[in-house]
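Colleague: What follows is the file work.csv, containing CSV, C-alpha atoms and all ligand atoms:
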```csv
chain,number,residue,atom,x,y,z
K,20,MET,CA,8.4,-56.6,-75.7
K,21,ALA,CA,6.6,-54.3,-73.3
K,22,PHE,CA,5.7,-55.6,-69.9
K,23,ILE,CA,2.6,-54.4,-68.0
K,24,ASP,CA,2.3,-55.1,-64.3
K,25,LEU,CA,-1.3,-54.6,-63.2
K,26,SER,CA,-0.4,-55.2,-59.6
K,27,LYS,CA,1.9,-52.2,-59.5
K,28,GLY,CA,0.1,-50.3,-62.2
K,29,GLU,CA,3.3,-50.1,-64.2
K,30,VAL,CA,4.3,-50.2,-67.9
K,31,GLN,CA,7.9,-51.0,-68.9
K,32,CYS,CA,9.0,-50.3,-72.5
K,33,LYS,CA,12.3,-50.7,-74.3
K,34,ILE,CA,13.5,-47.9,-76.6
K,35,VAL,CA,16.7,-48.5,-78.7
K,36,TYR,CA,18.9,-45.7,-80.2
K,37,TYR,CA,20.1,-47.1,-83.6
K,38,GLY,CA,22.3,-45.6,-86.3
K,39,PRO,CA,25.8,-45.6,-87.8
K,40,GLY,CA,28.9,-45.7,-85.8
K,41,ARG,CA,30.0,-42.3,-84.2
K,42,GLY,CA,26.6,-40.8,-85.0
K,43,GLY,CA,25.9,-39.7,-81.5
K,44,LYS,CA,23.8,-42.4,-79.8
K,45,THR,CA,25.8,-42.7,-76.7
K,46,THR,CA,26.1,-38.9,-76.5
K,47,ASN,CA,22.2,-38.7,-76.5
K,48,LEU,CA,22.1,-41.0,-73.4
K,49,LEU,CA,24.9,-39.2,-71.7
K,50,TYR,CA,23.1,-35.9,-72.1
K,51,ILE,CA,19.8,-37.3,-70.8
K,52,HIS,CA,21.6,-38.8,-67.9
K,53,ARG,CA,23.3,-35.5,-67.1
K,54,ALA,CA,20.2,-33.3,-67.5
K,55,MET,CA,17.6,-35.4,-65.6
K,56,SER,CA,17.2,-35.5,-61.9
K,57,GLU,CA,18.0,-38.6,-60.0
K,58,LYS,CA,14.4,-39.0,-59.1
K,59,ILE,CA,13.6,-39.7,-62.8
K,60,ARG,CA,16.6,-41.6,-64.0
K,61,GLY,CA,18.4,-44.7,-62.7
K,62,LYS,CA,22.0,-45.5,-63.1
K,63,MET,CA,23.5,-45.4,-66.6
K,64,VAL,CA,25.3,-48.6,-67.4
K,65,THR,CA,27.9,-48.4,-70.2
K,66,ILE,CA,29.5,-51.8,-70.9
K,67,ASP,CA,32.3,-52.8,-73.1
K,68,THR,CA,33.5,-49.5,-74.4
K,69,LYS,CA,36.7,-49.1,-76.3
K,70,GLY,CA,37.7,-45.5,-76.3
K,71,ASP,CA,34.3,-43.9,-77.0
K,72,ARG,CA,33.1,-46.7,-79.3
K,73,THR,CA,30.3,-48.8,-77.9
K,74,LEU,CA,31.1,-52.5,-78.2
K,75,PHE,CA,28.0,-53.9,-76.5
K,76,PHE,CA,25.4,-51.3,-75.4
K,77,ASP,CA,24.6,-48.4,-73.1
K,78,PHE,CA,21.6,-48.6,-70.8
K,79,LEU,CA,19.6,-45.9,-69.0
K,80,PRO,CA,16.3,-46.5,-67.1
K,81,LEU,CA,13.8,-43.6,-66.7
K,82,ALA,CA,10.6,-43.2,-64.8
K,83,LEU,CA,8.5,-40.8,-66.8
K,84,GLY,CA,5.5,-40.3,-64.5
K,85,LYS,CA,2.0,-41.4,-65.0
K,86,ILE,CA,-0.4,-41.7,-67.9
K,87,HIS,CA,-4.0,-43.0,-67.2
K,88,ASN,CA,-2.9,-44.2,-63.7
K,89,LEU,CA,-0.1,-46.3,-65.1
K,90,SER,CA,3.5,-45.5,-64.2
K,91,ILE,CA,5.7,-45.3,-67.2
K,92,LYS,CA,9.1,-46.9,-67.0
K,93,ILE,CA,11.3,-46.6,-70.0
K,94,GLN,CA,14.6,-48.4,-70.7
K,95,LEU,CA,16.9,-46.6,-73.1
K,96,TYR,CA,19.5,-48.7,-75.0
K,97,THR,CA,22.1,-47.9,-77.6
K,98,VAL,CA,23.5,-50.4,-80.1
K,99,PRO,CA,27.1,-50.4,-81.3
K,100,GLY,CA,27.0,-48.7,-84.7
K,101,GLN,CA,30.1,-50.2,-86.3
K,102,VAL,CA,29.2,-52.5,-89.1
K,103,MET,CA,31.1,-55.5,-87.8
K,104,TYR,CA,29.0,-55.7,-84.6
K,105,ASN,CA,25.8,-56.9,-86.1
K,106,ALA,CA,25.3,-59.9,-83.8
K,107,THR,CA,25.4,-57.5,-80.9
K,108,ARG,CA,23.0,-55.1,-82.5
K,109,LYS,CA,20.5,-58.0,-83.0
K,110,LEU,CA,20.8,-58.9,-79.3
K,111,VAL,CA,20.1,-55.4,-78.1
K,112,LEU,CA,17.1,-55.2,-80.5
K,113,LYS,CA,15.4,-58.1,-78.9
K,114,GLY,CA,12.0,-57.1,-77.5
K,115,VAL,CA,12.3,-53.5,-78.8
K,116,ASP,CA,9.2,-51.3,-78.4
K,117,GLY,CA,10.4,-48.1,-80.0
K,118,LEU,CA,13.3,-46.8,-82.0
K,119,VAL,CA,15.3,-43.6,-82.5
K,120,PHE,CA,17.4,-43.5,-85.6
K,121,VAL,CA,20.3,-41.2,-84.9
K,122,ALA,CA,21.7,-40.1,-88.3
K,123,ASP,CA,25.0,-38.3,-88.7
K,124,SER,CA,24.7,-35.0,-90.6
K,125,LEU,CA,28.3,-35.1,-91.8
K,126,LYS,CA,28.3,-35.0,-95.6
K,127,VAL,CA,30.8,-37.9,-95.7
K,128,GLN,CA,28.4,-40.1,-93.7
K,129,LYS,CA,25.6,-40.0,-96.3
K,130,ASP,CA,26.0,-43.6,-97.3
K,131,LYS,CA,26.6,-44.9,-93.8
K,132,ASN,CA,23.3,-43.5,-92.7
K,133,ILE,CA,21.5,-45.2,-95.5
K,134,GLN,CA,23.3,-48.5,-94.9
K,135,SER,CA,22.5,-48.4,-91.2
K,136,LEU,CA,18.8,-47.9,-91.8
K,137,GLU,CA,18.8,-50.8,-94.2
K,138,ASN,CA,20.6,-52.9,-91.7
K,139,LEU,CA,17.9,-52.0,-89.1
K,140,ARG,CA,15.2,-53.0,-91.5
K,141,GLU,CA,16.8,-56.4,-92.1
K,142,ASN,CA,17.5,-57.1,-88.4
K,143,LEU,CA,13.9,-56.2,-87.6
K,144,ALA,CA,12.6,-58.4,-90.4
K,145,ASP,CA,14.6,-61.3,-88.8
K,146,GLU,CA,12.4,-60.8,-85.7
K,147,ASN,CA,9.3,-60.6,-87.9
K,148,ILE,CA,8.9,-56.9,-87.3
K,149,ASP,CA,8.2,-54.5,-90.2
K,150,LEU,CA,10.1,-51.2,-89.8
K,151,LYS,CA,6.8,-49.4,-90.8
K,152,ASP,CA,4.9,-50.9,-87.8
K,153,ILE,CA,7.2,-50.0,-85.0
K,154,PRO,CA,7.3,-46.5,-83.4
K,155,LEU,CA,10.2,-44.7,-84.9
K,156,VAL,CA,11.6,-41.1,-84.7
K,157,MET,CA,14.5,-39.7,-86.8
K,158,GLN,CA,17.2,-37.5,-85.3
K,159,TYR,CA,19.5,-35.6,-87.6
K,160,ASN,CA,22.4,-35.1,-85.3
K,161,LYS,CA,25.5,-32.9,-85.2
K,162,ARG,CA,23.7,-29.8,-86.7
K,163,ASP,CA,26.1,-27.7,-84.5
K,164,LEU,CA,28.9,-28.5,-86.9
K,165,ALA,CA,27.5,-26.1,-89.5
K,166,GLU,CA,28.9,-23.2,-87.4
K,167,ALA,CA,32.4,-24.8,-87.7
K,168,ASN,CA,32.0,-24.7,-91.5
K,169,ILE,CA,32.1,-28.5,-91.8
K,170,PRO,CA,30.1,-29.7,-94.8
K,171,LEU,CA,26.8,-31.1,-93.7
K,172,LEU,CA,23.9,-32.8,-95.5
K,173,SER,CA,20.9,-30.6,-95.8
K,174,ILE,CA,17.9,-31.6,-93.8
K,175,ALA,CA,16.0,-32.0,-97.1
K,176,GLU,CA,18.6,-34.4,-98.4
K,177,MET,CA,18.6,-36.4,-95.2
K,178,ASP,CA,14.9,-36.6,-95.1
K,179,ALA,CA,14.9,-37.7,-98.8
K,180,ASP,CA,17.6,-40.4,-98.1
K,181,LEU,CA,16.1,-41.8,-94.9
K,182,ASN,CA,12.5,-40.7,-94.4
K,183,SER,CA,10.8,-40.4,-97.8
K,184,GLU,CA,8.8,-43.6,-97.4
K,185,LEU,CA,8.6,-43.9,-93.6
K,186,LYS,CA,7.5,-40.2,-93.1
K,187,VAL,CA,8.1,-40.4,-89.3
K,188,PRO,CA,8.7,-37.3,-87.1
K,189,TRP,CA,12.2,-36.0,-87.3
K,190,PHE,CA,14.3,-33.6,-85.2
K,191,GLU,CA,17.4,-31.6,-85.8
K,192,ALA,CA,19.8,-32.1,-82.9
K,193,SER,CA,23.1,-31.5,-81.4
K,194,ALA,CA,23.4,-34.3,-78.9
K,195,LEU,CA,26.7,-32.8,-77.7
K,196,LYS,CA,25.0,-29.5,-76.7
K,197,GLY,CA,21.6,-31.1,-75.9
K,198,GLN,CA,19.6,-29.4,-78.6
K,199,GLY,CA,16.8,-31.6,-79.8
K,200,VAL,CA,17.7,-34.5,-77.4
K,201,PHE,CA,14.6,-34.1,-75.2
K,202,GLU,CA,12.3,-33.3,-78.1
K,203,THR,CA,13.4,-36.6,-79.6
K,204,LEU,CA,13.0,-38.5,-76.4
K,205,ARG,CA,9.5,-37.0,-75.7
K,206,GLU,CA,8.2,-37.9,-79.1
K,207,ILE,CA,9.5,-41.5,-79.1
K,208,SER,CA,8.2,-42.1,-75.6
K,209,LYS,CA,4.8,-40.8,-76.5
K,210,ARG,CA,4.6,-42.9,-79.6
K,211,THR,CA,5.9,-46.0,-77.8
K,212,VAL,CA,3.5,-45.8,-74.9
K,213,LYS,CA,0.6,-45.1,-77.2
K,214,GLN,CA,1.3,-48.2,-79.2
K,215,VAL,CA,1.8,-50.3,-76.2
K,216,SER,CA,-1.4,-49.2,-74.6
K,217,ARG,CA,-3.3,-49.7,-77.9
K,218,LYS,CA,-2.1,-53.3,-77.9
K,219,LEU,CA,-3.0,-53.7,-74.3
K,220,LEU,CA,-6.6,-52.4,-74.8
K,221,SER,CA,-7.1,-54.6,-77.9
K,222,LYS,CA,-6.5,-57.7,-75.8
G,30,MET,CA,4.7,-60.8,-77.4
G,31,ASP,CA,3.9,-58.1,-74.8
G,32,LEU,CA,3.2,-59.5,-71.4
G,33,VAL,CA,0.3,-58.2,-69.3
G,34,MET,CA,0.3,-59.6,-65.8
G,35,SER,CA,-2.7,-59.5,-63.5
G,36,LYS,CA,-2.4,-59.0,-59.8
G,37,GLU,CA,-3.2,-62.7,-59.3
G,38,ALA,CA,-0.4,-63.8,-61.7
G,39,VAL,CA,2.1,-61.6,-59.9
G,40,ALA,CA,1.0,-62.9,-56.6
G,41,GLY,CA,1.2,-66.5,-57.9
G,42,ILE,CA,4.8,-66.1,-59.0
G,43,VAL,CA,5.8,-64.4,-55.8
G,44,ARG,CA,4.3,-67.3,-53.9
G,45,VAL,CA,6.3,-69.9,-55.9
G,46,LEU,CA,9.6,-67.9,-55.6
G,47,ASP,CA,9.2,-67.3,-51.9
G,48,GLU,CA,8.3,-70.9,-51.1
G,49,HIS,CA,11.0,-72.6,-53.1
G,50,LEU,CA,13.8,-70.2,-53.3
G,51,LEU,CA,13.8,-67.6,-50.5
G,52,ARG,CA,12.9,-70.2,-48.0
G,53,SER,CA,15.8,-72.3,-49.1
G,54,GLY,CA,18.2,-69.4,-48.3
G,55,ALA,CA,18.5,-67.4,-51.6
G,56,ASP,CA,19.2,-63.8,-50.9
G,57,CYS,CA,17.4,-62.4,-53.8
G,58,VAL,CA,15.4,-63.8,-56.8
G,59,LEU,CA,14.5,-61.9,-60.0
G,60,LEU,CA,12.4,-62.9,-62.9
G,61,VAL,CA,13.2,-60.9,-66.1
G,62,ASP,CA,12.2,-61.1,-69.7
G,63,GLN,CA,14.6,-61.4,-72.6
G,64,SER,CA,14.4,-57.7,-73.4
G,65,GLY,CA,15.6,-56.9,-69.9
G,66,ASN,CA,12.3,-55.9,-68.2
G,67,LEU,CA,12.1,-56.7,-64.5
G,68,ILE,CA,9.0,-58.7,-63.9
G,69,VAL,CA,9.2,-59.7,-60.2
G,70,ASN,CA,11.9,-59.2,-57.6
G,71,ARG,CA,11.9,-60.9,-54.2
G,72,GLY,CA,14.3,-60.9,-51.3
G,73,ASP,CA,16.4,-58.1,-50.0
G,74,PRO,CA,17.9,-56.2,-52.8
G,75,SER,CA,18.1,-52.9,-50.9
G,76,ASN,CA,21.7,-52.1,-51.9
G,77,LEU,CA,21.4,-53.8,-55.3
G,78,ASP,CA,20.5,-52.0,-58.6
G,79,VAL,CA,18.0,-54.6,-59.7
G,80,VAL,CA,17.0,-52.7,-62.9
G,81,ALA,CA,20.6,-52.7,-64.1
G,82,LEU,CA,21.0,-56.3,-63.0
G,83,ALA,CA,17.9,-57.3,-65.0
G,84,ALA,CA,19.2,-55.5,-68.2
G,85,LEU,CA,22.7,-56.9,-67.9
G,86,SER,CA,21.5,-60.4,-67.2
G,87,ALA,CA,19.2,-60.5,-70.2
G,88,ALA,CA,22.0,-59.3,-72.4
G,89,ASN,CA,24.5,-61.7,-70.9
G,90,PHE,CA,22.1,-64.6,-71.4
G,91,GLY,CA,21.5,-63.6,-75.0
G,92,ALA,CA,25.2,-63.3,-75.6
G,93,THR,CA,25.7,-66.8,-74.2
G,94,ALA,CA,23.0,-68.2,-76.4
G,95,GLU,CA,24.9,-66.8,-79.4
G,96,ILE,CA,28.1,-68.4,-78.2
G,97,ALA,CA,26.2,-71.7,-77.9
G,98,LYS,CA,25.1,-71.4,-81.5
G,99,LEU,CA,28.6,-70.7,-82.6
G,100,ILE,CA,30.0,-73.8,-81.1
G,101,GLY,CA,27.0,-75.9,-82.3
G,102,GLU,CA,25.2,-76.2,-79.0
G,103,GLU,CA,21.4,-75.8,-79.0
G,104,ASP,CA,21.6,-73.4,-76.0
G,105,PHE,CA,22.9,-73.3,-72.5
G,106,THR,CA,19.9,-73.5,-70.2
G,107,LEU,CA,21.7,-72.3,-67.2
G,108,LEU,CA,24.7,-70.2,-66.1
G,109,PHE,CA,26.4,-69.9,-62.9
G,110,HIS,CA,29.0,-67.5,-61.6
G,111,LYS,CA,30.8,-68.0,-58.3
G,112,GLY,CA,32.1,-65.1,-56.3
G,113,LYS,CA,33.9,-64.9,-53.0
G,114,LYS,CA,30.8,-64.2,-51.0
G,115,GLU,CA,27.9,-64.1,-53.4
G,116,ASN,CA,27.0,-66.5,-56.2
G,117,ILE,CA,24.6,-65.9,-59.0
G,118,HIS,CA,22.6,-68.5,-60.9
G,119,PHE,CA,20.7,-67.9,-64.1
G,120,SER,CA,18.2,-70.2,-65.7
G,121,ARG,CA,16.0,-70.0,-68.7
G,122,VAL,CA,12.3,-70.0,-68.0
G,123,GLY,CA,10.4,-71.1,-71.1
G,124,LYS,CA,11.5,-69.4,-74.2
G,125,ASN,CA,11.4,-65.7,-73.2
G,126,TYR,CA,12.2,-65.4,-69.5
G,127,LEU,CA,15.1,-65.7,-67.2
G,128,LEU,CA,15.3,-66.5,-63.5
G,129,ILE,CA,18.2,-64.9,-61.5
G,130,ILE,CA,19.1,-66.1,-58.1
G,131,LEU,CA,21.6,-64.6,-55.7
G,132,PHE,CA,22.8,-66.7,-52.9
G,133,ASN,CA,25.8,-66.8,-50.5
G,134,LYS,CA,28.4,-69.4,-49.7
G,135,ASP,CA,26.2,-71.0,-46.9
G,136,VAL,CA,23.7,-72.3,-49.5
G,137,SER,CA,24.7,-75.1,-51.8
G,138,LEU,CA,24.4,-74.9,-55.6
G,139,GLY,CA,22.8,-78.4,-55.6
G,140,LEU,CA,20.0,-77.1,-53.4
G,141,ILE,CA,19.4,-74.1,-55.6
G,142,ARG,CA,19.3,-76.3,-58.7
G,143,LEU,CA,16.9,-78.7,-57.1
G,144,LYS,CA,14.6,-75.8,-56.1
G,145,VAL,CA,14.8,-74.2,-59.5
G,146,SER,CA,13.7,-77.4,-61.1
G,147,LYS,CA,10.7,-77.5,-58.7
G,148,ALA,CA,9.8,-73.9,-59.2
G,149,LEU,CA,10.0,-73.7,-63.0
G,150,PRO,CA,7.0,-75.7,-63.9
G,151,GLN,CA,4.9,-73.8,-61.5
G,152,ILE,CA,6.0,-70.4,-62.9
G,153,LEU,CA,5.5,-71.2,-66.5
G,154,PRO,CA,1.7,-71.2,-66.6
G,155,TYR,CA,1.6,-67.6,-65.2
G,156,LEU,CA,3.7,-66.5,-68.1
G,157,GLY,CA,1.5,-68.3,-70.7
G,158,GLU,CA,4.3,-70.8,-71.4
G,159,GLU,CA,3.0,-74.0,-70.2
K,301,LIG,N1,29.9,-31.7,-82.8
K,301,LIG,C1,29.1,-32.7,-82.4
K,301,LIG,N2,29.7,-33.9,-82.0
K,301,LIG,C2,28.9,-34.9,-81.6
K,301,LIG,C3,27.5,-34.8,-81.5
K,301,LIG,N3,27.0,-36.0,-81.1
K,301,LIG,C4,28.1,-36.8,-80.9
K,301,LIG,N4,29.2,-36.1,-81.2
K,301,LIG,C5,30.6,-36.7,-81.1
K,301,LIG,O1,30.7,-37.8,-82.0
K,301,LIG,C6,31.5,-38.8,-81.5
K,301,LIG,C7,30.8,-40.1,-81.5
K,301,LIG,O2,29.6,-40.0,-80.6
K,301,LIG,P1,29.0,-41.3,-79.9
K,301,LIG,O3,27.8,-40.8,-79.1
K,301,LIG,O4,30.0,-42.0,-79.1
K,301,LIG,O5,28.6,-42.1,-81.1
K,301,LIG,P2,27.8,-43.5,-81.2
K,301,LIG,O6,26.7,-43.4,-82.1
K,301,LIG,O7,27.5,-44.0,-79.8
K,301,LIG,O8,28.9,-44.4,-81.8
K,301,LIG,P3,29.1,-46.1,-81.7
K,301,LIG,O9,29.1,-46.4,-80.2
K,301,LIG,O10,30.4,-46.4,-82.3
K,301,LIG,O11,28.0,-46.6,-82.4
K,301,LIG,C8,31.9,-38.3,-80.1
K,301,LIG,O12,33.2,-37.8,-80.1
K,301,LIG,C9,30.9,-37.3,-79.8
K,301,LIG,O13,31.4,-36.3,-78.9
K,301,LIG,C10,26.9,-33.5,-81.9
K,301,LIG,O14,25.7,-33.3,-81.9
K,301,LIG,N5,27.8,-32.5,-82.3
K,302,MG,MG,28.0,-45.6,-78.7
```
Would you mind writing the structure in this file as structure tokens?
Modeller:
Amino acid sequence: MAFIDLSKGEVQCKIVYYGPGRGGKTTNLLYIHRAMSEKIRGKMVTIDTKGDRTLFFDFLPLALGKIHNLSIKIQLYTVPGQVMYNATRKLVLKGVDGLVFVADSLKVQKDKNIQSLENLRENLADENIDLKDIPLVMQYNKRDLAEANIPLLSIAEMDADLNSELKVPWFEASALKGQGVFETLREISKRTVKQVSRKLLSK
Amino acid sequence: MDLVMSKEAVAGIVRVLDEHLLRSGADCVLLVDQSGNLIVNRGDPSNLDVVALAALSAANFGATAEIAKLIGEEDFTLLFHKGKKENIHFSRVGKNYLLIILFNKDVSLGLIRLKVSKALPQILPYLGEE
């Protein structure tokens, strides 16, 4: 649920990083937080974390500059990926404007990726949102593990599993090293702001 | 469900919040939506991270609503946390918004409640939730 404040000339949008547990959602936000200057980013809030598993969500606000005289404020959230935390995922999804699906490239995670995307589709449907209608970008994460000779899914296989119908932009990434993180963020921000302003203009 | 607020609407809400709540001694008043967007903030939040407060409050309120469902309550319409120096009061505004009030020990909870009940019906029309 984007919010547009005409008195300040400001748009606020909510972008949620979704995906299976341990896929690298929190790592994406940590990298963005580390790499961006304090002028652009606010404080990162990580609540309820057990070890490195998210139990509630992570939150990072960004001020991305101006488009058409409107200041763009984006709030990034992550959900807890573990299957049992679906009630929490639904809470964090409330009012979402754009989504990044962080898929795990590990071969053993093939089914987890597919299940998580299916879970996203169902949770959105409960909010009367069709996954096809909301700005979405795929991120195939942990590509760096190929060098360590760990069996990974090929990009073609991941795209066939997750993106054959949706056909949204996708990025190879290593959230740990930062590769692909900003490309992903830039694309989802662009798409989200575009959709929000399209809705604004049609009113 | 996106909310577009005109200058006039923002000014209208500011007027209501200032008149009822700041003037009654609240330190800070925030209006946020259920996705955590900060719509209006008034008072002196200079050393307060209002953006984080908005996000956490929305999540907190959402979590409490789920708890209400679990125990068979319709919903809790307000929440209150008491601290040593500062207190915080949350109340639902219509279906999709939340009013957060910070006030210190010199201000009574009863007064805040009374003022909230006066302010709410005046804020709703600006949010399209009459
Ligand atoms: N090698 C490698 N490890 C990664 C990468 N991204 C994340 N990891 C590691 O994978 C583990 C899980 O990452 P998180 O970012 O915590 O995963 P998450 O998606 O937030 O997991 P949940 O909070 O449980 O949903 C951590 O140990 C990360 O360091 C990556 O690109 N490459
Ligand atoms: Mg996490």
Colleague: Give as a list in words the set of residues within 12 Å of the point (33.5, -65.0, -53.3), where distances use the file's coordinates and all atoms listed in the file.
Modeller: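 Checking each residue against the 12 Å limit leaves His110, Lys111, Gly112, Lys113, Lys114, Glu115, Asn116, Ile117, Phe132, Asn133, Lys134 and Asp135 of chain G.
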Colleague: Using all atoms listed in the file, which of the listed residues (K:Ile86, K:Ala194, K:Ile148, K:Val119) sits closest to chain G?
Modeller: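 Selected residue with least distance to chain G: K:Ile148.
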Colleague: Which residue is closest to G:Ser53? Choose from G:Gly139, G:Gly91, G:Gly123, G:Gly101 and count only C-alpha atoms.
Modeller: G:Gly139
Colleague: Go through K:Val30, K:Val35, K:Ile23, K:Ala165 and flag the residue nearest ligand MG 302 (chain K), using all atoms listed in the file for the distances.
Modeller: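 Closest candidate: K:Val35.
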Colleague: Stretch 121-129 of chain K: which residues within 7 Å, counting all atoms listed in the file, same-chain residues fewer than 2 positions away excluded, as a list in words?
Modeller: Tyr36, Tyr37, Gly38, Pro39, Gly42, Gly43, Lys44, Val119, Lys131, Asn132, Ile133, Met157, Gln158, Tyr159, Asn160, Lys161, Arg162, Pro170, Leu171 and Leu172 of chain K
Colleague: Report as a Markdown table the residues of chain G within 9 Å of chain K, each with its shortest atom pair and distance in Å (one decimal), using all atoms listed in the file, ordered by chain and increasing residue number.
Modeller:
```
| residue | atom | partner | partner_atom | distance |
| --- | --- | --- | --- | --- |
| G:Met30 | CA | K:Met20 | CA | 5.8 |
| G:Asp31 | CA | K:Met20 | CA | 4.8 |
| G:Leu32 | CA | K:Phe22 | CA | 4.9 |
| G:Val33 | CA | K:Ile23 | CA | 4.6 |
| G:Met34 | CA | K:Asp24 | CA | 5.1 |
| G:Ser35 | CA | K:Leu25 | CA | 5.1 |
| G:Lys36 | CA | K:Ser26 | CA | 4.3 |
| G:Glu37 | CA | K:Ser26 | CA | 8.0 |
| G:Ala38 | CA | K:Ser26 | CA | 8.9 |
| G:Val39 | CA | K:Ser26 | CA | 6.9 |
| G:Ala40 | CA | K:Ser26 | CA | 8.4 |
| G:Asp62 | CA | K:Met20 | CA | 8.4 |
| G:Gln63 | CA | K:Gly114 | CA | 7.0 |
| G:Ser64 | CA | K:Gly114 | CA | 4.8 |
| G:Gly65 | CA | K:Lys33 | CA | 8.3 |
| G:Asn66 | CA | K:Gln31 | CA | 6.6 |
| G:Leu67 | CA | K:Gln31 | CA | 8.3 |
| G:Ile68 | CA | K:Phe22 | CA | 7.5 |
| G:Asp78 | CA | K:Lys62 | CA | 8.0 |
| G:Val80 | CA | K:Pro80 | CA | 7.5 |
| G:Ala81 | CA | K:Val64 | CA | 7.1 |
| G:Ala84 | CA | K:Phe78 | CA | 7.8 |
| G:Leu85 | CA | K:Val64 | CA | 8.7 |
| G:Ala88 | CA | K:Leu110 | CA | 7.0 |
| G:Gly91 | CA | K:Leu110 | CA | 6.4 |
| G:Ala92 | CA | K:Leu110 | CA | 7.2 |
| G:Glu95 | CA | K:Ala106 | CA | 8.2 |
```
Colleague: Looking at K:Glu191, K:Leu48, K:Gly70, K:Glu146, which one is nearest to K:Met177, with distances taken over only C-alpha atoms?
Modeller: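 Ranking K:Glu191, K:Leu48, K:Gly70, K:Glu146 by distance to K:Met177, first place goes to K:Glu191.
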Colleague: Output the neighbourhood of ligand MG 302 (chain K) as a count of residues only, that is, all protein and nucleic acid residues with some atom at most 7 Å from the ligand, counting all atoms listed in the file.
Modeller: 11
Colleague: To one decimal place, how far is atom CA of K:Val212 from atom CA of G:Ile152 in Å?
Modeller: 27.5 Å
Colleague: With only C-alpha atoms as the counted atoms, please give the residues lying no more than 9 Å from K:Ile51, apart from itself and same-chain residues fewer than 2 positions off, as a PyMOL selection string.
Modeller: chain K and resi 46-49+53-55+60+79+197+200-201+204
Colleague: Identify which of the residues K:Glu29, K:Leu95, K:Ile174, K:Leu185 lies closest to K:Asp149, counting all atoms listed in the file when measuring atom-to-atom distances.
Modeller: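 Nearest candidate to K:Asp149 out of K:Glu29, K:Leu95, K:Ile174, K:Leu185: K:Leu185.
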Colleague: Please return, as an MDAnalysis selection string, all polymer residues that have at least one atom within 8 Å of the point (17.3, -61.1, -54.8); use only C-alpha atoms and the file's own coordinate frame.
Modeller: chainID G and resid 55:59 70:74 129:131
Colleague: What is the distance between atom CA of G:Ser86 and atom CA of G:Leu50, in Å to one decimal?
Modeller: 18.7 Å
Colleague: Kindly indicate which residue among K:Asp77, K:Glu57, K:Asp178, K:Glu206 lies nearest to ligand LIG 301 (chain K), using all atoms listed in the file for the distances.
Modeller: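 Under the stated criterion, the closest residue is K:Asp77.
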Colleague: In Å, rounded to a single decimal, give me how far atom CA of K:Lys196 is from atom C3 of ligand LIG 301 (chain K).
Modeller: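 Straight-line distance from atom C3 of ligand LIG 301 (chain K) to atom CA of K:Lys196 works out to 7.6 Å.
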Colleague: Counting all atoms listed in the file, what is within 10 Å of K:Glu137, bar same-chain residues fewer than 6 positions away, as a PyMOL selection string?
Modeller: chain K and resi 131+143+150+181
Colleague: Using all atoms listed in the file, determine which residues lie at most 12 Å from G:Lys144, disregarding the query and same-chain residues fewer than 2 positions distant; provide the list as a count of residues only.
Modeller: 28
